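Each remark here refers to the structure printed beneath this line.
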Amino acid sequence: MKPVNLNALATEARNPHTLDLDKSTPRQIARKINREDFNAARAVKAANREIAAVMILAARAYAAKKKIIFIGAGTSGRLGILEAVECVPTFGTKPSQIIGLIAGGKKAVFRSQEGAEDDAAQGAREIARKARPGDLVVGLTASGRTPYVMGALQQAQALGAHTALISCNPQAVCPQAQVHICLPTGPEALCGSTRMKAGTATKMALNAITTGAMTLCGKTYGNLMIDVQPTNQKLVARAIRLICTVSGADEKTAARLLTQSGKNVKTAVVMYRKKTSRAEAEHLLKKQNGFLTRVIDD
């Protein structure tokens, strides 16, 4: 394997603002790290056009019942898994439709698997098993060159899946990606530790992609988490509060409707607003592809 020239990667360079990190007081360390973190938000702002483009690809894939796959190594891979997992309770998605893959497999979520990120063939095999034409595969790599991710994107392209790359390296070249979200966060406060602002910027971009895609698919009402899955006490309370807010029902009525609707907030709201049964409410929502606003705001 050709050795990597780390000097050419902005994320591996030494940060001139933190050269004396080991001589700094705790307050100074906190201030210096925080100052660097502002670069993450600036980088995401500069990439809004590309983020929106991937958001659209994700929405189209989801609406067509295709998969959205995040794949990466190390911190990037863990962020992709986190994003996929959180979509289930937040938006009511199926665990099989939005998934995260990491170099080294499940073990790598909790402990680094040395060398796994250098295996391009394994990345390709993962995608060959998981992806199909029309799916969206999003590669995550701060350096923009991780072999595992590049192999995955190349295989995805060959399969006829849509592809995107999120990196923090302006010099990254990836012809396998239809869209490259470049987040140039620059040198880390701790040299090469891309779990820091590179990871922060990547998470911010992922937040925007999934939230935007799910909004485009009717899984929000205004800025409300209307497809929340009430799987614990906190989320049940949130679901009841949502029903009250959107329908105007009192809390006792909202709790009853939540039970009668099969713990579906949108169905409960339609039942109350349209004075209809659960079956009819579900039918009305299905006709409008799940967009609550199209059912109750006419």
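The way I read the labels, and the way they are meant: chains A, B, ... in the order of the structure tokens, residue 1 as the first residue of every chain, and ligand 1 as the first ligand shown, with later ones counted on from there.
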Which of segment 4-114 of chain A counts as strand (DSSP E or B) under DSSP, as a PyMOL selection string please?
chain A and resi 68-72+98-102
Could you write out the selected residues, including N, CA, C and O atoms, as a PDB file, in the first residue's frame?
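Final file, out-v1.pdb:
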ATOM      1  N   ILE A  68     -30.812   4.349   3.266  1.00  0.00           N
ATOM      2  CA  ILE A  68     -29.800   5.387   3.446  1.00  0.00           C
ATOM      3  C   ILE A  68     -28.719   4.748   4.308  1.00  0.00           C
ATOM      4  O   ILE A  68     -28.994   4.294   5.427  1.00  0.00           O
ATOM      5  N   ILE A  69     -27.510   4.686   3.769  1.00  0.00           N
ATOM      6  CA  ILE A  69     -26.412   3.990   4.451  1.00  0.00           C
ATOM      7  C   ILE A  69     -25.277   4.962   4.726  1.00  0.00           C
ATOM      8  O   ILE A  69     -24.729   5.579   3.799  1.00  0.00           O
ATOM      9  N   PHE A  70     -24.905   5.105   5.996  1.00  0.00           N
ATOM     10  CA  PHE A  70     -23.730   5.886   6.377  1.00  0.00           C
ATOM     11  C   PHE A  70     -22.599   4.904   6.647  1.00  0.00           C
ATOM     12  O   PHE A  70     -22.783   3.930   7.389  1.00  0.00           O
ATOM     13  N   ILE A  71     -21.428   5.152   6.080  1.00  0.00           N
ATOM     14  CA  ILE A  71     -20.319   4.218   6.254  1.00  0.00           C
ATOM     15  C   ILE A  71     -19.018   4.969   6.487  1.00  0.00           C
ATOM     16  O   ILE A  71     -18.708   5.927   5.773  1.00  0.00           O
ATOM     17  N   GLY A  72     -18.284   4.561   7.510  1.00  0.00           N
ATOM     18  CA  GLY A  72     -17.028   5.229   7.836  1.00  0.00           C
ATOM     19  C   GLY A  72     -16.175   4.377   8.750  1.00  0.00           C
ATOM     20  O   GLY A  72     -16.554   3.256   9.113  1.00  0.00           O
ATOM     21  N   ILE A  98     -32.495   3.041   7.494  1.00  0.00           N
ATOM     22  CA  ILE A  98     -31.392   3.984   7.681  1.00  0.00           C
ATOM     23  C   ILE A  98     -30.383   3.275   8.575  1.00  0.00           C
ATOM     24  O   ILE A  98     -30.667   2.986   9.738  1.00  0.00           O
ATOM     25  N   ILE A  99     -29.211   2.973   8.027  1.00  0.00           N
ATOM     26  CA  ILE A  99     -28.244   2.154   8.768  1.00  0.00           C
ATOM     27  C   ILE A  99     -26.853   2.778   8.755  1.00  0.00           C
ATOM     28  O   ILE A  99     -26.518   3.578   7.885  1.00  0.00           O
ATOM     29  N   GLY A 100     -26.064   2.401   9.745  1.00  0.00           N
ATOM     30  CA  GLY A 100     -24.678   2.841   9.835  1.00  0.00           C
ATOM     31  C   GLY A 100     -23.745   1.650   9.821  1.00  0.00           C
ATOM     32  O   GLY A 100     -24.008   0.640  10.482  1.00  0.00           O
ATOM     33  N   LEU A 101     -22.658   1.760   9.058  1.00  0.00           N
ATOM     34  CA  LEU A 101     -21.652   0.703   8.976  1.00  0.00           C
ATOM     35  C   LEU A 101     -20.291   1.279   9.370  1.00  0.00           C
ATOM     36  O   LEU A 101     -19.962   2.412   9.018  1.00  0.00           O
ATOM     37  N   ILE A 102     -19.493   0.486  10.075  1.00  0.00           N
ATOM     38  CA  ILE A 102     -18.186   0.944  10.533  1.00  0.00           C
ATOM     39  C   ILE A 102     -17.118  -0.098  10.224  1.00  0.00           C
ATOM     40  O   ILE A 102     -17.366  -1.312  10.329  1.00  0.00           O
TER      41      ILE A 102
END
Write out as a list in words the residues lying within 10 Å of Lys219 of chain A, counting only C-alpha atoms and excluding same-chain residues fewer than 4 positions away.
Thr90, Phe91, Gly92, Thr93, Thr211, Gly212, Ala213, Met214, Thr215, Asn223, Leu224, Met225, Ile226, Asp227, Val228, Lys266, Asn289, Gly290, Phe291 and Leu292 of chain A
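Going from atom CA of Ala73 of chain A to atom CA of Cys217 of chain A covers 28.9 Å.
Compared by their closest atoms to Thr194 of chain A, and using only C-alpha atoms, the residues A:Ser143, A:Gln233, A:Gln155, A:Gln288 rank with A:Ser143 nearest.
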Residues at most 10 Å from segment 116-132 of chain A, counting only C-alpha atoms, excluding those fewer than 5 positions away in the same chain, as a ChimeraX atom specification?
/A:1,66-69,71-74,77,96,99,101-105,108,137,141,145-156,158-162
Write out as a PyMOL selection string the residues lying within 7 Å of Ala198 of chain A, counting only C-alpha atoms and excluding same-chain residues fewer than 2 positions away.
chain A and resi 40+142+168+185+194-196+200-202
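Minimum atom-to-atom distance to Ala189 of chain A, evaluated using only C-alpha atoms, belongs to A:Glu36 out of A:Glu12, A:Glu36, A:Glu83, A:Asp22.
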